[in-house]
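Novice: This one is input19.pdb, PDB, C-alpha atoms.
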ATOM      1  CA  PRO R 495       0.000   0.000   0.000
ATOM      2  CA  GLN R 496       2.847   2.409   0.813
ATOM      3  CA  ARG R 497       4.432   1.786  -2.584
ATOM      4  CA  ARG R 498       1.100   2.255  -4.375
ATOM      5  CA  GLN R 499       0.462   5.531  -2.546
ATOM      6  CA  ALA R 500       3.870   6.806  -3.605
ATOM      7  CA  CYS R 501       2.936   6.252  -7.236
ATOM      8  CA  ARG R 502       0.147   8.758  -6.881
ATOM      9  CA  GLN R 503       2.246  11.707  -5.780
ATOM     10  CA  PRO R 504       2.768  14.625  -8.239
ATOM     11  CA  LEU R 505       5.924  14.343 -10.365
ATOM     12  CA  ASP R 506       7.107  17.664 -11.796
ATOM     13  CA  GLY R 507       3.663  18.771 -12.902
ATOM     14  CA  VAL R 508       2.108  15.340 -13.580
ATOM     15  CA  VAL R 509      -0.476  13.430 -11.564
ATOM     16  CA  ALA R 510      -1.668   9.911 -12.477
ATOM     17  CA  ASP R 511      -3.359   6.934 -10.804
ATOM     18  CA  GLY R 512      -2.336   3.386 -11.816
ATOM     19  CA  ALA R 513      -1.039  -0.049 -10.940
ATOM     20  CA  ALA R 514       1.581  -2.457 -12.333
ATOM     21  CA  GLY R 515       1.274  -5.661 -14.354
ATOM     22  CA  GLY R 516       3.838  -8.040 -15.909
ATOM     23  CA  GLY R 517       4.998 -10.265 -18.740
ATOM     24  CA  GLY R 518       5.333  -9.393 -22.429
ATOM     25  CA  MET R 519       7.344  -9.387 -25.645
ATOM     26  CA  GLY R 520       8.926  -6.661 -27.763
ATOM     27  CA  ILE R 521      10.816  -3.699 -26.307
ATOM     28  CA  VAL R 522       9.343  -0.182 -26.264
ATOM     29  CA  THR R 523      11.579   2.869 -25.870
ATOM     30  CA  GLY R 524      11.384   6.607 -26.399
ATOM     31  CA  ASP R 525       8.344   8.832 -25.882
ATOM     32  CA  ARG R 526       5.972   6.033 -24.879
ATOM     33  CA  VAL R 527       8.266   5.014 -22.014
ATOM     34  CA  THR R 528       8.765   8.650 -21.006
ATOM     35  CA  LEU R 529       5.012   9.178 -20.777
ATOM     36  CA  LEU R 530       4.630   5.936 -18.808
ATOM     37  CA  TYR R 531       7.146   7.273 -16.309
ATOM     38  CA  TRP R 532       5.073  10.401 -15.792
ATOM     39  CA  ALA R 533       1.771   8.521 -15.801
ATOM     40  CA  PHE R 534       2.669   5.519 -13.683
ATOM     41  CA  GLY R 535       5.159   7.259 -11.426
ATOM     42  CA  GLU R 536       7.566   4.356 -11.075
ATOM     43  CA  LEU R 537      10.050   2.795 -13.505
ATOM     44  CA  SER R 538      13.281   0.992 -12.712
ATOM     45  CA  SER R 539      16.553   2.525 -13.882
ATOM     46  CA  SER R 540      16.927  -0.417 -16.254
ATOM     47  CA  GLU R 541      13.488   0.213 -17.783
ATOM     48  CA  GLN R 542      14.229   3.900 -18.194
ATOM     49  CA  ALA R 543      17.569   3.174 -19.864
ATOM     50  CA  ASN R 544      16.747   0.081 -21.943
ATOM     51  CA  GLY R 545      12.994   0.330 -22.473
ATOM     52  CA  ILE R 546      10.124  -1.894 -21.380
ATOM     53  CA  GLU R 547       8.395  -4.892 -22.883
ATOM     54  CA  GLU R 548       5.326  -4.045 -24.964
ATOM     55  CA  GLU R 549       2.946  -6.265 -23.029
ATOM     56  CA  GLU R 550       4.156  -4.877 -19.712
ATOM     57  CA  LEU R 551       3.658  -1.313 -20.941
ATOM     58  CA  VAL R 552       0.149  -2.141 -22.169
ATOM     59  CA  ARG R 553      -0.800  -3.670 -18.816
ATOM     60  CA  ARG R 554       0.469  -0.716 -16.819
ATOM     61  CA  CYS R 555      -1.180   1.823 -19.118
ATOM     62  CA  ALA R 556      -4.508  -0.023 -18.887
ATOM     63  CA  ASP R 557      -4.597   0.573 -15.120
ATOM     64  CA  VAL R 558      -4.097   4.340 -15.363
ATOM     65  CA  THR R 559      -7.442   6.135 -14.932
ATOM     66  CA  ARG R 560      -6.317   9.713 -14.287
ATOM     67  CA  LEU R 561      -3.572  11.698 -15.953
ATOM     68  CA  GLU R 562      -2.569  15.326 -15.503
ATOM     69  CA  MET R 563       0.304  17.037 -17.285
ATOM     70  CA  PHE R 564       1.398  20.641 -17.589
ATOM     71  CA  MET R 565       4.269  22.916 -18.588
ATOM     72  CA  ASN R 566       5.285  21.030 -21.771
ATOM     73  CA  THR R 567       5.854  17.698 -20.023
ATOM     74  CA  LEU R 568       3.954  15.702 -22.684
ATOM     75  CA  PRO R 569       6.638  14.288 -25.034
ATOM     76  CA  ASN R 570       4.261  13.247 -27.837
ATOM     77  CA  ALA R 571       0.473  13.596 -27.732
ATOM     78  CA  THR R 572      -0.073  10.522 -29.917
ATOM     79  CA  CYS R 573       1.251   8.401 -27.037
ATOM     80  CA  LEU R 574      -1.996   9.096 -25.172
ATOM     81  CA  ALA R 575      -3.522   6.296 -27.243
ATOM     82  CA  ASP R 576      -1.750   3.858 -24.881
ATOM     83  CA  TYR R 577      -4.216   4.812 -22.100
ATOM     84  CA  PRO R 578      -7.678   3.609 -23.199
ATOM     85  CA  ASN R 579      -9.102   3.423 -19.675
ATOM     86  CA  LEU R 580      -8.566   7.047 -18.708
ATOM     87  CA  LYS R 581     -11.542   8.671 -17.011
ATOM     88  CA  GLU R 582      -9.864  12.037 -16.441
ATOM     89  CA  LEU R 583      -7.305  13.765 -18.643
ATOM     90  CA  HIS R 584      -5.897  17.202 -17.851
ATOM     91  CA  LEU R 585      -3.407  18.850 -20.208
ATOM     92  CA  HIS R 586      -2.246  22.390 -19.441
ATOM     93  CA  VAL R 587       0.332  24.687 -21.095
ATOM     94  CA  GLN R 588       1.364  22.306 -23.863
ATOM     95  CA  ASN R 589       1.647  22.614 -27.651
ATOM     96  CA  ILE R 590      -1.178  20.473 -29.095
ATOM     97  CA  PRO R 591      -2.875  22.306 -32.012
ATOM     98  CA  GLN R 592      -5.209  19.344 -32.634
ATOM     99  CA  PRO R 593      -6.518  16.687 -30.211
ATOM    100  CA  VAL R 594      -4.796  13.372 -30.943
ATOM    101  CA  GLY R 595      -4.648  10.016 -29.208
ATOM    102  CA  LEU R 596      -8.209  10.249 -27.867
ATOM    103  CA  THR R 597      -9.979   7.910 -30.295
ATOM    104  CA  GLY R 598     -10.003   4.836 -28.035
ATOM    105  CA  MET R 599     -10.888   6.620 -24.778
ATOM    106  CA  ASP R 600     -14.440   5.307 -24.482
ATOM    107  CA  GLN R 601     -14.503   5.811 -20.697
ATOM    108  CA  LEU R 602     -13.186   9.376 -20.596
ATOM    109  CA  GLN R 603     -15.534  11.567 -18.559
ATOM    110  CA  ARG R 604     -13.492  14.711 -17.883
ATOM    111  CA  LEU R 605     -11.220  16.390 -20.423
ATOM    112  CA  CYS R 606      -9.371  19.639 -19.776
ATOM    113  CA  MET R 607      -7.059  21.049 -22.436
ATOM    114  CA  THR R 608      -6.223  24.627 -21.487
ATOM    115  CA  GLU R 609      -3.452  26.794 -22.944
ATOM    116  CA  VAL R 610      -2.427  24.085 -25.397
ATOM    117  CA  GLN R 611      -2.727  26.177 -28.614
ATOM    118  CA  LEU R 612      -5.789  24.248 -29.851
ATOM    119  CA  THR R 613      -7.103  25.430 -33.224
ATOM    120  CA  THR R 614      -9.763  22.726 -33.700
ATOM    121  CA  MET R 615     -12.004  20.475 -31.619
ATOM    122  CA  ARG R 616     -11.915  17.672 -34.180
ATOM    123  CA  GLY R 617     -10.707  14.472 -32.522
ATOM    124  CA  ILE R 618     -12.820  14.797 -29.386
ATOM    125  CA  GLU R 619     -16.080  13.529 -30.932
ATOM    126  CA  ARG R 620     -15.212   9.877 -30.140
ATOM    127  CA  CYS R 621     -15.186  10.602 -26.400
ATOM    128  CA  THR R 622     -18.947  10.182 -26.116
ATOM    129  CA  GLN R 623     -18.976   9.640 -22.339
ATOM    130  CA  LEU R 624     -17.625  13.101 -21.585
ATOM    131  CA  VAL R 625     -19.549  15.009 -18.920
ATOM    132  CA  HIS R 626     -17.001  17.818 -18.428
ATOM    133  CA  LEU R 627     -15.111  19.539 -21.269
ATOM    134  CA  ASP R 628     -12.829  22.517 -20.690
ATOM    135  CA  LEU R 629     -10.999  23.942 -23.710
ATOM    136  CA  SER R 630     -10.388  27.419 -22.314
ATOM    137  CA  THR R 631      -7.554  29.731 -23.354
ATOM    138  CA  ASN R 632      -6.859  28.379 -26.810
ATOM    139  CA  ARG R 633      -7.236  29.537 -30.437
ATOM    140  CA  LEU R 634     -10.638  28.087 -31.283
ATOM    141  CA  THR R 635     -12.693  30.227 -33.651
ATOM    142  CA  THR R 636     -15.796  28.010 -33.825
ATOM    143  CA  MET R 637     -17.741  25.752 -31.479
ATOM    144  CA  ALA R 638     -17.601  22.876 -34.009
ATOM    145  CA  PRO R 639     -21.209  21.578 -34.217
ATOM    146  CA  ALA R 640     -20.008  18.292 -35.763
ATOM    147  CA  VAL R 641     -18.003  17.558 -32.612
ATOM    148  CA  LEU R 642     -20.396  18.837 -29.969
ATOM    149  CA  GLY R 643     -23.284  16.989 -31.580
ATOM    150  CA  SER R 644     -21.666  13.695 -30.531
ATOM    151  CA  LEU R 645     -21.132  14.692 -26.886
ATOM    152  CA  THR R 646     -24.720  14.297 -25.716
ATOM    153  CA  ASN R 647     -23.717  13.467 -22.120
ATOM    154  CA  LEU R 648     -22.006  16.798 -21.502
ATOM    155  CA  ARG R 649     -22.986  18.581 -18.300
ATOM    156  CA  THR R 650     -20.237  21.223 -18.324
ATOM    157  CA  LEU R 651     -18.753  23.052 -21.322
ATOM    158  CA  TRP R 652     -16.135  25.777 -20.816
ATOM    159  CA  LEU R 653     -14.706  27.566 -23.846
ATOM    160  CA  ASN R 654     -13.499  30.765 -22.191
ATOM    161  CA  GLU R 655     -10.827  32.967 -23.764
ATOM    162  CA  ASN R 656     -11.186  31.751 -27.340
ATOM    163  CA  PRO R 657     -11.875  33.981 -30.394
ATOM    164  CA  ILE R 658     -15.289  32.346 -30.904
ATOM    165  CA  THR R 659     -17.808  34.610 -32.652
ATOM    166  CA  ALA R 660     -21.089  32.679 -32.384
ATOM    167  CA  ILE R 661     -22.900  30.215 -30.118
ATOM    168  CA  GLN R 662     -23.648  27.094 -32.145
ATOM    169  CA  GLY R 663     -23.759  23.307 -32.069
ATOM    170  CA  LEU R 664     -25.596  22.993 -28.745
ATOM    171  CA  GLU R 665     -28.878  21.535 -30.027
ATOM    172  CA  SER R 666     -27.999  17.981 -28.899
ATOM    173  CA  LEU R 667     -26.681  19.004 -25.481
ATOM    174  CA  THR R 668     -29.999  18.750 -23.657
ATOM    175  CA  ARG R 669     -28.280  17.745 -20.394
ATOM    176  CA  LEU R 670     -25.926  20.710 -20.320
ATOM    177  CA  HIS R 671     -25.904  22.451 -16.922
ATOM    178  CA  SER R 672     -22.958  24.855 -17.116
ATOM    179  CA  LEU R 673     -21.866  26.887 -20.158
ATOM    180  CA  TRP R 674     -18.984  29.354 -19.878
ATOM    181  CA  LEU R 675     -18.113  31.491 -22.892
ATOM    182  CA  ALA R 676     -16.349  34.333 -21.126
ATOM    183  CA  ARG R 677     -13.895  36.605 -22.922
ATOM    184  CA  THR R 678     -14.993  35.575 -26.403
ATOM    185  CA  GLN R 679     -16.149  37.605 -29.417
ATOM    186  CA  ILE R 680     -19.770  36.445 -29.182
ATOM    187  CA  SER R 681     -22.068  39.436 -29.751
ATOM    188  CA  TYR R 682     -25.544  37.869 -29.795
ATOM    189  CA  ILE R 683     -27.535  34.961 -28.327
ATOM    190  CA  VAL R 684     -30.878  34.928 -30.190
ATOM    191  CA  ASP R 685     -32.251  31.344 -30.099
ATOM    192  CA  ALA R 686     -28.915  29.492 -29.819
ATOM    193  CA  LEU R 687     -29.795  28.149 -26.343
ATOM    194  CA  GLU R 688     -33.433  27.207 -26.847
ATOM    195  CA  SER R 689     -32.642  23.462 -26.709
ATOM    196  CA  ASN R 690     -30.635  23.723 -23.492
ATOM    197  CA  SER R 691     -33.520  23.769 -21.031
ATOM    198  CA  ALA R 692     -31.410  22.112 -18.302
ATOM    199  CA  LEU R 693     -28.928  25.007 -18.233
ATOM    200  CA  THR R 694     -28.414  26.453 -14.736
ATOM    201  CA  ASP R 695     -25.157  28.391 -15.102
ATOM    202  CA  LEU R 696     -24.283  30.760 -17.977
ATOM    203  CA  ASN R 697     -21.196  32.971 -18.113
ATOM    204  CA  LEU R 698     -20.845  35.496 -20.952
ATOM    205  CA  ALA R 699     -18.554  37.932 -19.165
ATOM    206  CA  ALA R 700     -16.256  40.058 -21.336
ATOM    207  CA  SER R 701     -18.105  38.963 -24.473
ATOM    208  CA  GLY R 702     -19.475  41.221 -27.205
ATOM    209  CA  ILE R 703     -23.068  41.304 -25.869
ATOM    210  CA  CYS R 704     -23.909  45.013 -25.984
ATOM    211  CA  ASN R 705     -27.702  45.480 -25.718
ATOM    212  CA  PHE R 706     -30.819  44.199 -24.006
ATOM    213  CA  LYS R 707     -32.458  42.534 -27.018
ATOM    214  CA  ASP R 708     -30.928  39.118 -26.210
ATOM    215  CA  ILE R 709     -32.065  39.028 -22.578
ATOM    216  CA  PRO R 710     -35.698  37.992 -23.311
ATOM    217  CA  HIS R 711     -34.360  34.935 -25.162
ATOM    218  CA  LEU R 712     -32.969  33.694 -21.840
ATOM    219  CA  THR R 713     -36.454  33.559 -20.291
ATOM    220  CA  ARG R 714     -36.855  30.137 -21.950
ATOM    221  CA  LEU R 715     -34.205  28.793 -19.585
ATOM    222  CA  ARG R 716     -36.505  28.170 -16.624
ATOM    223  CA  LEU R 717     -33.767  26.502 -14.533
ATOM    224  CA  LEU R 718     -31.163  29.224 -15.070
ATOM    225  CA  SER R 719     -30.010  30.313 -11.612
ATOM    226  CA  SER R 720     -26.613  31.898 -12.277
ATOM    227  CA  LEU R 721     -25.856  34.449 -15.001
ATOM    228  CA  SER R 722     -22.744  36.558 -15.559
ATOM    229  CA  PHE R 723     -22.068  39.350 -18.001
ATOM    230  CA  THR R 724     -19.272  40.635 -15.791
ATOM    231  CA  ASP R 725     -16.774  38.561 -13.841
ATOM    232  CA  PRO R 726     -13.742  39.588 -11.756
ATOM    233  CA  HIS R 727     -11.616  36.978 -13.553
ATOM    234  CA  PHE R 728     -12.584  37.956 -17.107
ATOM    235  CA  GLY R 729     -13.971  41.504 -17.177
ATOM    236  CA  ASP R 730     -17.179  43.226 -18.351
ATOM    237  CA  SER R 731     -19.425  42.879 -21.374
ATOM    238  CA  PRO R 732     -20.630  46.161 -22.962
ATOM    239  CA  VAL R 733     -24.215  45.432 -21.869
ATOM    240  CA  CYS R 734     -23.164  46.015 -18.254
ATOM    241  CA  THR R 735     -22.649  49.717 -18.931
ATOM    242  CA  LEU R 736     -26.261  50.327 -19.991
ATOM    243  CA  CYS R 737     -28.618  52.208 -17.701
ATOM    244  CA  ASN R 738     -31.019  50.007 -15.730
ATOM    245  CA  TYR R 739     -28.887  46.920 -16.466
ATOM    246  CA  HIS R 740     -29.644  45.121 -13.189
ATOM    247  CA  THR R 741     -33.279  46.186 -13.180
ATOM    248  CA  TYR R 742     -33.911  44.909 -16.694
ATOM    249  CA  ILE R 743     -32.275  41.518 -16.099
ATOM    250  CA  LEU R 744     -33.872  40.866 -12.706
ATOM    251  CA  PHE R 745     -37.305  41.754 -14.057
ATOM    252  CA  HIS R 746     -37.047  39.387 -17.028
ATOM    253  CA  LEU R 747     -35.185  36.611 -15.162
ATOM    254  CA  PRO R 748     -36.690  36.510 -11.659
ATOM    255  CA  GLN R 749     -35.528  32.900 -11.163
ATOM    256  CA  LEU R 750     -31.885  33.992 -10.903
ATOM    257  CA  ASN R 751     -30.136  33.399  -7.585
ATOM    258  CA  ILE R 752     -26.768  34.781  -8.684
ATOM    259  CA  LEU R 753     -26.093  37.672 -11.056
ATOM    260  CA  ASP R 754     -22.503  38.617 -11.907
ATOM    261  CA  SER R 755     -21.143  36.467  -9.036
ATOM    262  CA  LEU R 756     -23.368  38.221  -6.458
ATOM    263  CA  ILE R 757     -26.220  36.552  -4.598
ATOM    264  CA  ILE R 758     -29.565  38.217  -5.295
ATOM    265  CA  ALA R 759     -31.746  39.079  -2.314
ATOM    266  CA  ASP R 760     -35.546  38.839  -2.519
ATOM    267  CA  GLU R 761     -35.739  42.574  -1.806
ATOM    268  CA  ALA R 762     -33.616  43.276  -4.901
ATOM    269  CA  ARG R 763     -36.093  41.339  -7.070
ATOM    270  CA  GLN R 764     -39.038  43.287  -5.620
ATOM    271  CA  ILE R 765     -37.294  46.620  -6.156
ATOM    272  CA  ALA R 766     -36.380  45.641  -9.722
ATOM    273  CA  GLU R 767     -39.969  44.705 -10.542
ATOM    274  CA  ALA R 768     -41.384  47.897  -9.028
ATOM    275  CA  THR R 769     -38.765  50.065 -10.741
ATOM    276  CA  PHE R 770     -39.319  48.395 -14.107
ATOM    277  CA  MET R 771     -43.094  48.911 -13.920
ATOM    278  CA  LYS R 772     -42.696  52.559 -12.954
ATOM    279  CA  LYS R 773     -40.260  53.188 -15.782
ATOM    280  CA  LYS R 774     -42.503  51.328 -18.208
ATOM    281  CA  MET R 775     -45.468  53.498 -17.225
ATOM    282  CA  TYR R 776     -43.342  56.645 -17.467
ATOM    283  CA  TYR R 777     -42.015  55.837 -20.941
ATOM    284  CA  ASN R 778     -45.483  54.792 -22.163
ATOM    285  CA  MET R 779     -46.808  58.151 -21.036
ATOM    286  CA  ARG R 780     -43.926  59.917 -22.755
ATOM    287  CA  ILE R 781     -44.648  58.008 -25.970
ATOM    288  CA  LYS R 782     -48.318  58.935 -25.824
ATOM    289  CA  THR R 783     -47.413  62.565 -25.186
ATOM    290  CA  LEU R 784     -45.032  62.629 -28.124
ATOM    291  CA  LYS R 785     -47.614  61.029 -30.396
ATOM    292  CA  ARG R 786     -50.254  63.559 -29.288
ATOM    293  CA  ASN R 787     -47.875  66.494 -29.773
ATOM    294  CA  THR R 788     -46.892  65.179 -33.201
ATOM    295  CA  SER R 789     -50.538  64.830 -34.200
ATOM    296  CA  ASN R 790     -51.241  68.399 -33.061
ATOM    297  CA  VAL R 791     -48.289  69.755 -35.036
ATOM    298  CA  LEU R 792     -49.365  67.897 -38.165
ATOM    299  CA  ARG R 793     -52.967  69.068 -37.749
ATOM    300  CA  ARG R 794     -51.907  72.722 -37.367
ATOM    301  CA  LEU R 795     -49.574  72.382 -40.339
ATOM    302  CA  ALA R 796     -52.464  71.072 -42.443
ATOM    303  CA  GLU R 797     -54.730  73.897 -41.278
ATOM    304  CA  THR R 798     -52.051  76.465 -42.141
ATOM    305  CA  ARG R 799     -51.665  75.059 -45.634
ATOM    306  CA  GLN R 800     -55.420  75.139 -46.190
ATOM    307  CA  ALA R 801     -55.590  78.745 -44.971
ATOM    308  CA  ARG R 802     -53.040  79.769 -47.583
TER
END
Show this structure as structure tokens.

Specialist:
Amino acid sequence: PQRRQACRQPLDGVVADGAAGGGGMGIVTGDRVTLLYWAFGELSSSEQANGIEEEELVRRCADVTRLEMFMNTLPNATCLADYPNLKELHLHVQNIPQPVGLTGMDQLQRLCMTEVQLTTMRGIERCTQLVHLDLSTNRLTTMAPAVLGSLTNLRTLWLNENPITAIQGLESLTRLHSLWLARTQISYIVDALESNSALTDLNLAASGICNFKDIPHLTRLRLLSSLSFTDPHFGDSPVCTLCNYHTYILFHLPQLNILDSLIIADEARQIAEATFMKKKMYYNMRIKTLKRNTSNVLRRLAETRQAR
């Protein structure tokens, strides 16, 4: 037990859970052995110098269920294919423009690839058991509907700090609970979330949302309890600078418990509703007054023309 516990301690930025096997034929060296060292946490000096038998490597890799690597410690991303039984994979601060080595990971439930220079999501669609996907801080320009359409078990999707311009590809994600698209170039919502009725947490802080016209579309999300257009970690969206911002949102989304990371008190909801109704009455009266004044001006203008 003491030896097994030692295997699970962090090694220079890598954390992995696993157990050893035995036997085999054929010698494996190079990147695959290097990754096994980081993943398994224990190789003899002979194995590190001379390699390891293929069957032995396969057995050890099969017992690894969690792998975490950061700061360019992944020698070759294709070597991830040796770990088909991973349930959690965390890759941070690497250079992996495209997901590779994930095809056989049928049991993978959590995948985090942050600051890895990703330019595409293609390669993740085979991981159909995913419930948590975090691809924040990369170079993604689209949400890749062809990929997301296969991930129907997703509960959490975080794509923060990517140059994404539109919300798309979420029609099949009916179980999605948390969607974070902070610090992106998204400037509208419209009906992109109408299929995500289970959504409870939405973060669009520091996005391009700049007016109130998208807020009524969120009323379809009956379970939405947390909404952010500003966040201390990401910044503000332009919509936050508009007058009556809080009042407008709380009136249209009374089910919210948290707005912009702050808990909403019942009194705040009551004040928002009362304020909104007063302002609505005021502006309706102003509109009627303007229409009446316009009609009077037009009538007098017509009378003047007839008099001439």

Novice: Applied to this file, what does the PyMOL selection byres ((chain R and resi 570) around 9) return in terms of residues, put as a short mmCIF file (atom, residue, chain, number, x, y, z; two decimals) with C-alpha atoms, in the frame of the given file?

Specialist:
data_model
loop_
_atom_site.label_atom_id
_atom_site.label_comp_id
_atom_site.auth_asym_id
_atom_site.auth_seq_id
_atom_site.Cartn_x
_atom_site.Cartn_y
_atom_site.Cartn_z
CA ASP R 525 8.34 8.83 -25.88
CA ARG R 526 5.97 6.03 -24.88
CA LEU R 529 5.01 9.18 -20.78
CA LEU R 568 3.95 15.70 -22.68
CA PRO R 569 6.64 14.29 -25.03
CA ALA R 571 0.47 13.60 -27.73
CA THR R 572 -0.07 10.52 -29.92
CA CYS R 573 1.25 8.40 -27.04
CA LEU R 574 -2.00 9.10 -25.17
#

Novice: I'd like the interatomic distance between atom CA of R:Ile521 and atom CA of R:Leu537, to a tenth of an Å.

Specialist: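 Going from atom CA of R:Ile521 over to atom CA of R:Leu537, I get 14.4 Å.
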
Novice: Restricting the calculation to only C-alpha atoms, which member of R:Met565, R:Ala676, R:Leu583, R:Ile709 is positioned closest to R:Asn697?

Specialist: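 The shortest atom-to-atom distance to R:Asn697 comes from R:Ala676.
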
Novice: Around the point (-15.5, 32.0, -32.2) in the file's coordinates, collect all residues with an atom within 6 Å, using all atoms listed in the file, and return them as a short mmCIF file (atom, residue, chain, number, x, y, z; two decimals) with C-alpha atoms, in the frame of the given file.

Specialist:
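Just written: point.cif:
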data_model
loop_
_atom_site.label_atom_id
_atom_site.label_comp_id
_atom_site.auth_asym_id
_atom_site.auth_seq_id
_atom_site.Cartn_x
_atom_site.Cartn_y
_atom_site.Cartn_z
CA THR R 635 -12.69 30.23 -33.65
CA THR R 636 -15.80 28.01 -33.83
CA PRO R 657 -11.88 33.98 -30.39
CA ILE R 658 -15.29 32.35 -30.90
CA THR R 659 -17.81 34.61 -32.65
CA ALA R 660 -21.09 32.68 -32.38
#

Novice: (-8.6, 15.3, -33.2) in this file's frame - what residues fall within 10 Å of it? Use all atoms listed in the file and give the answer as a tab-separated table (two decimals) with C-alpha atoms, in the coordinates of the input.

Specialist:
chain	number	residue	atom	x	y	z
R	590	ILE	CA	-1.18	20.47	-29.10
R	591	PRO	CA	-2.88	22.31	-32.01
R	592	GLN	CA	-5.21	19.34	-32.63
R	593	PRO	CA	-6.52	16.69	-30.21
R	594	VAL	CA	-4.80	13.37	-30.94
R	595	GLY	CA	-4.65	10.02	-29.21
R	596	LEU	CA	-8.21	10.25	-27.87
R	597	THR	CA	-9.98	7.91	-30.30
R	612	LEU	CA	-5.79	24.25	-29.85
R	614	THR	CA	-9.76	22.73	-33.70
R	615	MET	CA	-12.00	20.48	-31.62
R	616	ARG	CA	-11.92	17.67	-34.18
R	617	GLY	CA	-10.71	14.47	-32.52
R	618	ILE	CA	-12.82	14.80	-29.39
R	619	GLU	CA	-16.08	13.53	-30.93
R	620	ARG	CA	-15.21	9.88	-30.14
R	641	VAL	CA	-18.00	17.56	-32.61

Novice: Taking the file as I've supplied it (selection: the PyMOL selection byres ((chain R and resi 601-608) around 7)), which residues are included? Please answer as a list in words.

Specialist: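 What the PyMOL selection byres ((chain R and resi 601-608) around 7) grabs from the file is Asn579, Leu580, Lys581, Glu582, Leu583, His584, Leu585, His586, Val587, Met599, Asp600, Glu609, Val610, Cys621, Gln623, Leu624, Val625, His626, Leu627, Asp628, Leu629, Ser630, Thr631 and Asn632 of chain R.
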
Novice: Please provide as a ChimeraX atom specification all residues within 8 Å of R:Ser755, with the sequence filter that same-chain residues fewer than 6 positions apart are discarded (counting all atoms listed in the file).

Specialist: /R:720-722,725

Novice: Residues near R:Phe728, anyone? I mean within 8 Å using all atoms listed in the file, not counting same-chain ones fewer than 2 positions away, as a PDB file with C-alpha atoms, keeping the file's coordinate frame.

Specialist:
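Final output, saved to around-v4.pdb:
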ATOM      1  CA  ALA R 676     -16.349  34.333 -21.126  1.00  0.00           C
ATOM      2  CA  ARG R 677     -13.895  36.605 -22.922  1.00  0.00           C
ATOM      3  CA  ALA R 699     -18.554  37.932 -19.165  1.00  0.00           C
ATOM      4  CA  ALA R 700     -16.256  40.058 -21.336  1.00  0.00           C
ATOM      5  CA  THR R 724     -19.272  40.635 -15.791  1.00  0.00           C
ATOM      6  CA  ASP R 725     -16.774  38.561 -13.841  1.00  0.00           C
ATOM      7  CA  PRO R 726     -13.742  39.588 -11.756  1.00  0.00           C
ATOM      8  CA  ASP R 730     -17.179  43.226 -18.351  1.00  0.00           C
TER       9      ASP R 730
END

Novice: Applied to the shown file, which residues does the PyMOL selection byres ((chain R and resi 751) around 10) return, written as a JSON list (two decimals) with C-alpha atoms, in the coordinates of the input?

Specialist:
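And here's selection-v3.json as it stands now:
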[["chain", "number", "residue", "atom", "x", "y", "z"],
["R", 718, "LEU", "CA", -31.16, 29.22, -15.07],
["R", 719, "SER", "CA", -30.01, 30.31, -11.61],
["R", 720, "SER", "CA", -26.61, 31.90, -12.28],
["R", 721, "LEU", "CA", -25.86, 34.45, -15.00],
["R", 744, "LEU", "CA", -33.87, 40.87, -12.71],
["R", 747, "LEU", "CA", -35.18, 36.61, -15.16],
["R", 748, "PRO", "CA", -36.69, 36.51, -11.66],
["R", 749, "GLN", "CA", -35.53, 32.90, -11.16],
["R", 750, "LEU", "CA", -31.88, 33.99, -10.90],
["R", 752, "ILE", "CA", -26.77, 34.78, -8.68],
["R", 753, "LEU", "CA", -26.09, 37.67, -11.06],
["R", 755, "SER", "CA", -21.14, 36.47, -9.04],
["R", 756, "LEU", "CA", -23.37, 38.22, -6.46],
["R", 757, "ILE", "CA", -26.22, 36.55, -4.60],
["R", 758, "ILE", "CA", -29.56, 38.22, -5.30],
["R", 759, "ALA", "CA", -31.75, 39.08, -2.31],
["R", 760, "ASP", "CA", -35.55, 38.84, -2.52],
["R", 763, "ARG", "CA", -36.09, 41.34, -7.07]]

Novice: So, with only C-alpha atoms as the atoms that count, which of R:Leu651, R:Leu667, R:Leu634, R:Leu693 lies closest to R:Leu717?

Specialist: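 The closest residue to R:Leu717 is R:Leu693.
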
Novice: State, in Å with one decimal place, the distance from atom CA of R:Thr523 to atom CA of R:Asn544.

Specialist: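 Answer for the atom CA of R:Thr523 to atom CA of R:Asn544 separation: 7.1 Å.
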
Novice: Build an axis-aligned box that encloses every atom of stretch 699-715 of chain R listed in the file, pad it by 6 Å on each side, and report its centre and edge lengths in Å to one decimal, as AutoDock Vina command-line options.

Specialist:
--center_x -26.6 --center_y 37.1 --center_z -23.2 --size_x 32.6 --size_y 28.7 --size_z 20.0

Novice: Using all atoms listed in the file, can you tell me which of R:Gln679, R:Val558, R:Phe745, R:Ala533 comes closest to R:Ala768?

Specialist: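 Comparing R:Gln679, R:Val558, R:Phe745, R:Ala533 against R:Ala768, the winner is R:Phe745.
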
Novice: For atom CA of R:Arg799 and atom CA of R:Thr783, quote the distance in Å rounded to one decimal.

Specialist: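 So the answer is 24.3 Å.
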
Novice: Taking into account all atoms listed in the file, which residue in the set R:Asn738, R:Thr646, R:Thr567, R:Thr622 is nearest to R:Trp532?

Specialist: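 The closest residue to R:Trp532 is R:Thr567.
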
Novice: Can you tell me which residues surround R:Met637 at a distance of at most 7 Å, considering all atoms listed in the file, apart from same-chain residues fewer than 2 positions away, and format the answer as a PyMOL selection string?

Specialist: chain R and resi 639+661-663
